[in-house]
>>> print(open('start_24.txt').read())   # compact mmCIF, C-alpha atoms
# COMPACT_ATOMS: atom_id res chain seq x y z
CA MET A 1 0.00 0.00 0.00
CA GLU A 2 1.39 3.38 -1.02
CA ARG A 3 2.26 5.60 1.89
CA ARG A 4 0.54 8.97 2.03
CA PRO A 5 2.76 12.06 1.87
CA ARG A 6 3.21 14.21 4.95
CA SER A 7 1.36 17.05 3.25
CA PHE A 8 -1.83 14.93 3.30
CA TYR A 9 -1.84 14.82 7.09
CA VAL A 10 -0.99 18.51 7.39
CA LEU A 11 -3.85 19.49 5.09
CA SER A 12 -6.22 17.05 6.83
CA ALA A 13 -5.40 18.61 10.20
CA PHE A 14 -5.95 22.08 8.74
CA PHE A 15 -9.31 21.01 7.31
CA ILE A 16 -10.41 19.55 10.66
CA LEU A 17 -9.46 22.79 12.42
CA PHE A 18 -11.39 24.75 9.79
CA VAL A 19 -14.52 22.63 10.33
CA LEU A 20 -14.23 23.05 14.11
CA PHE A 21 -13.81 26.80 13.70
CA LEU A 22 -16.82 26.93 11.36
CA TYR A 23 -19.26 24.74 13.30
CA GLY A 24 -17.77 24.78 16.80
CA PRO A 25 -19.67 27.88 18.01
CA THR A 26 -22.98 26.55 16.67
CA ILE A 27 -22.42 23.17 18.31
CA THR A 28 -21.45 24.86 21.59
CA ILE A 29 -24.63 26.97 21.58
CA GLY A 30 -26.66 23.84 20.81
CA ILE A 31 -25.16 22.02 23.80
CA LEU A 32 -25.58 24.94 26.21
CA SER A 33 -29.23 25.34 25.19
CA PHE A 34 -29.94 22.06 27.02
CA GLN A 35 -28.92 23.48 30.41
CA GLY A 36 -31.07 22.68 33.43
CA PRO A 37 -33.46 25.28 34.93
CA GLN A 38 -30.65 26.67 37.07
CA GLY A 39 -28.12 26.64 34.24
CA GLY A 40 -26.03 29.58 33.12
CA LEU A 41 -24.47 30.84 29.94
CA THR A 42 -21.18 28.98 30.24
CA PHE A 43 -19.76 25.56 31.02
CA PRO A 44 -19.91 23.47 33.15
CA MET A 45 -23.56 22.67 32.52
CA ASN A 46 -25.92 22.64 35.50
CA GLY A 47 -28.17 19.74 34.63
CA VAL A 48 -29.65 18.67 31.30
CA SER A 49 -33.20 19.50 30.21
CA THR A 50 -35.35 21.13 27.53
CA TYR A 51 -36.51 23.79 29.99
CA TRP A 52 -35.19 26.74 27.98
CA PHE A 53 -36.86 25.57 24.79
CA ALA A 54 -40.18 25.47 26.64
CA ASP A 55 -39.39 28.91 28.06
CA LEU A 56 -39.35 30.32 24.54
CA PHE A 57 -43.07 29.59 24.26
CA ARG A 58 -43.91 31.31 27.54
CA GLN A 59 -44.55 35.03 27.83
CA GLN A 60 -41.15 36.73 27.66
CA ALA A 61 -40.35 39.63 29.95
CA VAL A 62 -38.32 41.27 27.21
CA GLY A 63 -38.49 41.17 23.44
CA ASP A 64 -40.96 39.92 20.89
CA ILE A 65 -39.37 36.70 19.66
CA TRP A 66 -42.24 35.21 17.72
CA GLY A 67 -43.35 38.51 16.26
CA ALA A 68 -39.77 39.10 15.06
CA PHE A 69 -39.66 35.58 13.63
CA GLY A 70 -42.88 36.17 11.71
CA ARG A 71 -41.58 39.45 10.30
CA SER A 72 -38.27 37.86 9.24
CA PHE A 73 -40.07 34.93 7.63
CA LEU A 74 -42.48 37.16 5.69
CA LEU A 75 -39.70 39.54 4.69
CA GLY A 76 -37.62 36.58 3.53
CA LEU A 77 -40.47 35.38 1.31
CA MET A 78 -40.92 38.87 -0.16
CA VAL A 79 -37.22 39.23 -0.89
CA MET A 80 -37.02 35.69 -2.27
CA ALA A 81 -39.90 36.19 -4.73
CA THR A 82 -38.63 39.58 -5.90
CA THR A 83 -35.07 38.33 -6.29
CA VAL A 84 -36.16 35.37 -8.42
CA VAL A 85 -38.42 37.42 -10.70
CA VAL A 86 -36.01 40.32 -11.22
CA SER A 87 -33.00 38.00 -11.68
CA VAL A 88 -34.76 35.98 -14.38
CA MET A 89 -35.93 39.11 -16.20
CA ALA A 90 -32.44 40.63 -16.02
CA GLY A 91 -30.87 37.38 -17.16
CA LEU A 92 -33.13 37.32 -20.21
CA ALA A 93 -32.49 40.99 -20.94
CA PHE A 94 -28.70 40.67 -20.76
CA ARG A 95 -28.57 37.78 -23.23
CA LYS A 96 -28.19 40.43 -25.92
CA ARG A 97 -25.85 43.38 -25.69
CA PHE A 98 -27.48 46.79 -25.55
CA ALA A 99 -26.28 50.34 -25.04
CA GLY A 100 -25.10 50.83 -21.47
CA SER A 101 -25.36 47.13 -20.53
CA ALA A 102 -21.83 47.02 -19.06
CA VAL A 103 -22.41 50.13 -16.96
CA LEU A 104 -25.77 48.84 -15.78
CA PHE A 105 -24.21 45.50 -14.80
CA TYR A 106 -21.51 47.12 -12.66
CA VAL A 107 -24.01 49.49 -11.07
CA ALA A 108 -26.19 46.50 -10.15
CA ILE A 109 -23.42 44.63 -8.34
CA THR A 110 -21.68 47.63 -6.78
CA SER A 111 -23.76 47.25 -3.61
CA LEU A 112 -21.83 44.06 -2.83
CA VAL A 113 -18.68 46.05 -2.10
CA ILE A 114 -20.33 48.93 -0.23
CA PRO A 115 -20.35 48.43 3.56
CA SER A 116 -23.77 47.15 4.59
CA ILE A 117 -24.19 49.66 7.38
CA LEU A 118 -23.76 52.50 4.86
CA ILE A 119 -26.50 51.00 2.69
CA SER A 120 -28.77 50.84 5.72
CA LEU A 121 -27.95 54.43 6.67
CA GLY A 122 -28.48 55.69 3.12
CA VAL A 123 -31.83 53.98 2.62
CA GLY A 124 -33.04 55.19 6.02
CA LEU A 125 -32.03 58.78 5.22
CA ILE A 126 -33.74 58.68 1.82
CA PHE A 127 -37.01 57.52 3.36
CA ASN A 128 -36.81 60.20 6.03
CA GLN A 129 -36.06 62.94 3.50
CA LEU A 130 -39.00 61.84 1.35
CA GLY A 131 -41.29 61.84 4.36
CA LEU A 132 -41.91 58.10 4.10
CA LYS A 133 -42.23 55.84 7.10
CA VAL A 134 -39.20 53.68 7.85
CA HIS A 135 -40.60 50.15 8.11
CA TRP A 136 -39.26 46.63 7.73
CA ALA A 137 -41.67 45.90 4.85
CA THR A 138 -40.66 48.98 2.83
CA SER A 139 -37.25 50.45 3.59
CA GLY A 140 -36.06 47.17 5.12
CA PHE A 141 -37.27 45.30 2.07
CA GLY A 142 -35.47 47.68 -0.28
CA SER A 143 -32.18 47.61 1.62
CA GLN A 144 -32.15 43.81 1.66
CA LEU A 145 -32.73 43.66 -2.09
CA THR A 146 -29.44 45.54 -2.54
CA TRP A 147 -27.83 42.46 -0.97
CA THR A 148 -29.77 39.60 -2.57
CA LEU A 149 -30.32 40.88 -6.12
CA PRO A 150 -26.62 41.03 -7.11
CA PHE A 151 -26.20 37.37 -6.13
CA GLY A 152 -29.32 36.41 -8.06
CA LEU A 153 -28.15 38.37 -11.11
CA LEU A 154 -24.70 36.76 -11.11
CA ILE A 155 -26.23 33.28 -10.89
CA MET A 156 -28.70 33.89 -13.71
CA PHE A 157 -26.05 35.49 -15.93
CA ALA A 158 -23.93 32.36 -15.53
CA VAL A 159 -26.93 30.14 -16.25
CA PHE A 160 -27.95 31.95 -19.43
CA ASN A 161 -24.34 32.10 -20.67
CA ARG A 162 -24.44 28.29 -20.81
CA PHE A 163 -28.01 28.03 -22.05
CA ASP A 164 -28.43 26.21 -25.38
CA LYS A 165 -30.59 28.46 -27.58
CA SER A 166 -31.41 25.57 -29.92
CA TYR A 167 -34.20 24.54 -27.52
CA GLU A 168 -35.90 27.90 -27.99
CA GLU A 169 -35.39 27.76 -31.74
CA ALA A 170 -36.98 24.32 -31.86
CA ALA A 171 -39.98 25.58 -29.89
CA ARG A 172 -40.45 28.53 -32.22
CA ASP A 173 -40.20 26.22 -35.24
CA GLN A 174 -43.13 24.34 -33.75
CA GLY A 175 -45.16 27.54 -33.62
CA ALA A 176 -44.69 28.47 -29.95
CA THR A 177 -45.00 32.13 -29.02
CA ALA A 178 -42.30 33.95 -27.06
CA TRP A 179 -44.25 33.54 -23.81
CA GLN A 180 -44.94 29.86 -24.48
CA THR A 181 -41.24 29.31 -25.16
CA ILE A 182 -40.26 30.92 -21.87
CA ARG A 183 -42.97 29.14 -19.89
CA HIS A 184 -42.68 25.63 -21.34
CA VAL A 185 -39.02 25.50 -22.42
CA VAL A 186 -36.78 28.05 -20.70
CA LEU A 187 -38.22 28.03 -17.18
CA PRO A 188 -38.35 24.21 -16.81
CA ILE A 189 -34.72 23.95 -17.93
CA ILE A 190 -33.43 26.61 -15.54
CA ALA A 191 -35.76 25.58 -12.68
CA PRO A 192 -32.98 24.09 -10.47
CA SER A 193 -31.06 27.36 -10.78
CA LEU A 194 -34.20 29.29 -9.86
CA ILE A 195 -34.45 27.22 -6.68
CA GLY A 196 -30.84 28.13 -5.93
CA VAL A 197 -31.58 31.83 -6.40
CA ALA A 198 -34.68 31.51 -4.20
CA LEU A 199 -32.63 29.82 -1.47
CA PHE A 200 -30.00 32.55 -1.69
CA GLY A 201 -32.65 35.25 -1.48
CA PHE A 202 -34.46 33.78 1.50
CA THR A 203 -31.44 32.81 3.61
CA LEU A 204 -29.57 36.07 2.98
CA SER A 205 -32.67 38.02 3.98
CA TYR A 206 -33.55 35.85 6.96
CA ASP A 207 -30.26 36.43 8.78
CA GLU A 208 -29.42 39.92 7.50
CA PHE A 209 -28.54 42.32 10.30
CA ALA A 210 -26.54 45.34 9.13
CA ARG A 211 -28.75 46.37 6.20
CA THR A 212 -31.85 46.07 8.37
CA LEU A 213 -30.46 47.84 11.43
CA LEU A 214 -31.48 51.38 10.41
CA THR A 215 -34.33 50.46 8.06
CA ALA A 216 -36.58 48.19 10.14
CA GLY A 217 -38.34 51.01 11.94
CA SER A 218 -40.14 50.30 15.22
CA TYR A 219 -40.43 46.55 14.71
CA ASN A 220 -37.40 44.29 14.83
CA THR A 221 -36.64 41.38 12.55
CA LEU A 222 -35.29 38.23 14.21
CA PRO A 223 -31.56 39.08 13.88
CA LEU A 224 -32.20 42.50 15.44
CA GLU A 225 -34.26 40.91 18.20
CA VAL A 226 -31.52 38.39 18.98
CA PHE A 227 -28.94 41.17 19.08
CA GLY A 228 -31.14 43.13 21.49
CA MET A 229 -31.50 40.06 23.70
CA THR A 230 -27.73 39.72 24.04
CA THR A 231 -27.70 42.96 26.05
CA ASN A 232 -30.43 42.12 28.55
CA VAL A 233 -30.99 38.34 28.60
CA THR A 234 -28.68 36.39 30.89
CA SER A 235 -30.19 32.91 30.63
CA PRO A 236 -29.74 30.01 28.17
CA VAL A 237 -33.06 30.92 26.55
CA ILE A 238 -31.04 32.89 24.00
CA TYR A 239 -29.08 29.72 23.19
CA ALA A 240 -32.33 27.80 22.78
CA LEU A 241 -33.51 30.46 20.35
CA GLY A 242 -30.24 30.22 18.42
CA THR A 243 -30.57 26.44 18.22
CA LEU A 244 -34.15 26.61 16.93
CA THR A 245 -33.33 29.25 14.32
CA THR A 246 -30.37 27.16 13.13
CA LEU A 247 -32.59 24.09 12.82
CA PHE A 248 -35.14 26.19 10.96
CA SER A 249 -32.43 27.30 8.51
CA PHE A 250 -31.44 23.66 7.91
CA LEU A 251 -35.11 22.81 7.42
CA ILE A 252 -35.46 25.49 4.74
CA ILE A 253 -32.33 24.23 2.98
CA GLY A 254 -33.69 20.68 3.17
CA VAL A 255 -37.00 21.74 1.61
CA PHE A 256 -35.22 23.39 -1.31
CA LEU A 257 -32.92 20.40 -1.82
CA PHE A 258 -35.93 18.09 -1.75
CA ALA A 259 -37.58 20.25 -4.41
CA VAL A 260 -34.47 19.96 -6.59
CA TRP A 261 -34.46 16.18 -6.10
CA ILE A 262 -38.14 15.91 -7.05
CA MET A 263 -37.53 17.98 -10.17
CA GLY A 264 -34.56 15.82 -11.11
CA LYS A 265 -36.61 12.64 -10.71
CA ARG A 266 -39.44 14.14 -12.75
CA ARG A 267 -37.06 15.22 -15.51
CA ALA A 268 -35.46 11.76 -15.59
CA ARG A 269 -38.87 10.12 -15.81
CA LEU A 270 -39.95 12.41 -18.65
CA GLY A 271 -36.71 11.71 -20.47
CA SER A 272 -37.21 7.99 -20.03
CA ASP A 273 -40.78 8.19 -21.31
CA ALA A 274 -39.64 10.23 -24.32
CA GLY A 275 -36.95 7.64 -25.06
CA LYS A 276 -39.55 4.90 -25.05
CA GLY A 277 -41.75 6.90 -27.40
CA VAL A 278 -44.49 7.45 -24.82
>>> encode(input="start_24.txt", output="structure tokens")
Amino acid sequence: MERRPRSFYVLSAFFILFVLFLYGPTITIGILSFQGPQGGLTFPMNGVSTYWFADLFRQQAVGDIWGAFGRSFLLGLMVMATTVVVSVMAGLAFRKRFAGSAVLFYVAITSLVIPSILISLGVGLIFNQLGLKVHWATSGFGSQLTWTLPFGLLIMFAVFNRFDKSYEEAARDQGATAWQTIRHVVLPIIAPSLIGVALFGFTLSYDEFARTLLTAGSYNTLPLEVFGMTTNVTSPVIYALGTLTTLFSFLIIGVFLFAVWIMGKRRARLGSDAGKGV
């Protein structure tokens, strides 16, 4: 058996340290969330129970956890839907060069390199100057789109750069209209990528803090609520909340991956039926 080089073990150790650095804090919070009723915020643990998870569903003395969760969830859905629609439309538009397309592209992705807190401050100031109410569903929604749309655009540009136009040409040869071609040919082919854009949009919105800090108005989203709790909550209930939100994030990712798997199975079945002449 060939002996592995020393570099293999060095890189393996580095990778293990990287994984521990990446997931260690999350695992630690998950463990500490199972403290007993008299438990604290640090090790050693004082008993093991699910007391603090149950405490989340009791009336909290401070904060509005479930209201903040509902706002973050709804805002995430709004951002997700808008990101998918605008990204697809932009991807279709940029398939052909037009005057100012390069400038427009760089303007669209510039917000990725601008500090998030400056985006939040700028959007908040604009709403105030225009006499509009600063609210999570308006100014917060707009500021988060400056974060999610560039990612959606970059993904769709890459997808359409590899898209085989012969499928559209074949559809048009069969008498399909432009809308029918998009609906029955283009969208089904790029559907897995659309799910990826949707996942990006929702997850980036759900945990966004800086761009929502000065644009959420009087009602906090969940990241803002958690940040506020770190200053006045001194019990493991905050760890229990962190554990539940992490599990919720994994659940959302699982739902999207399941949707991709279902679409893959459906596409394989349709391809098999077509091959059999069904």
>>> closest_residue(input="start_24.txt", among="A:Ser101, A:Ile189, A:Tyr206, A:Tyr239", to="Gly264 of chain A", atoms="all atoms listed in the file")
A:Ile189
>>> closest_residue(input="start_24.txt", among="A:Ala170, A:Leu22, A:Leu130, A:Ile119", to="Leu214 of chain A", atoms="only C-alpha atoms")
A:Ile119
>>> closest_residue(input="start_24.txt", among="A:Tyr219, A:Tyr9, A:Phe15, A:Phe209", to="Gln144 of chain A", atoms="only C-alpha atoms")
A:Phe209
>>> closest_residue(input="start_24.txt", among="A:Thr203, A:Val185, A:Tyr106, A:Leu153", to="Glu168 of chain A", atoms="only C-alpha atoms")
A:Val185
>>> residues_near_point(input="start_24.txt", point="(-31.4, 36.7, -9.2)", cutoff="12 Å", atoms="all atoms listed in the file", output="PyMOL selection string")
chain A and resi 79-92+108-109+145-160+193-202
>>> residues_around(input="start_24.txt", residues="Gly122 of chain A", least_positions_apart="2", cutoff="12 Å", atoms="all atoms listed in the file", output="number ranges by chain")
A: 111, 114-120, 124-129, 134, 139-140, 142-143, 146, 211-215
>>> atom_distance(input="start_24.txt", atom1="atom CA of Pro44 of chain A", atom2="atom CA of Phe18 of chain A")
24.9 Å
>>> closest_residue(input="start_24.txt", among="A:Phe141, A:Phe73, A:Trp179, A:Trp52", to="Ile252 of chain A", atoms="only C-alpha atoms")
A:Phe73
>>> closest_residue(input="start_24.txt", among="A:Pro25, A:Gly40, A:Gly30, A:Pro188", to="Val233 of chain A", atoms="only C-alpha atoms")
A:Gly40
>>> axis_aligned_box(input="start_24.txt", around="segment 152-160 of chain A", padding_each_side="3 Å", output="AutoDock Vina command-line options")
--center_x -26.6 --center_y 34.3 --center_z -13.7 --size_x 11.4 --size_y 14.2 --size_z 17.4
>>> atom_distance(input="start_24.txt", atom1="atom CA of Leu56 of chain A", atom2="atom CA of Ser249 of chain A")
17.7 Å
>>> atom_distance(input="start_24.txt", atom1="atom CA of Arg266 of chain A", atom2="atom CA of Ile182 of chain A")
19.1 Å
>>> residues_around(input="start_24.txt", residues="Thr42 of chain A", least_positions_apart="5", cutoff="12 Å", atoms="all atoms listed in the file", output="PyMOL selection string")
chain A and resi 28-29+31-35+234-236+239
>>> residues_around(input="start_24.txt", residues="Pro37 of chain A", least_positions_apart="3", cutoff="9 Å", atoms="all atoms listed in the file", output="ChimeraX atom specification")
/A:40,46-52
>>> residues_around(input="start_24.txt", residues="segment 244-246 of chain A", least_positions_apart="4", cutoff="9 Å", atoms="all atoms listed in the file", output="MDAnalysis selection string")
chainID A and resid 26 30 53 69 239:240 250:251
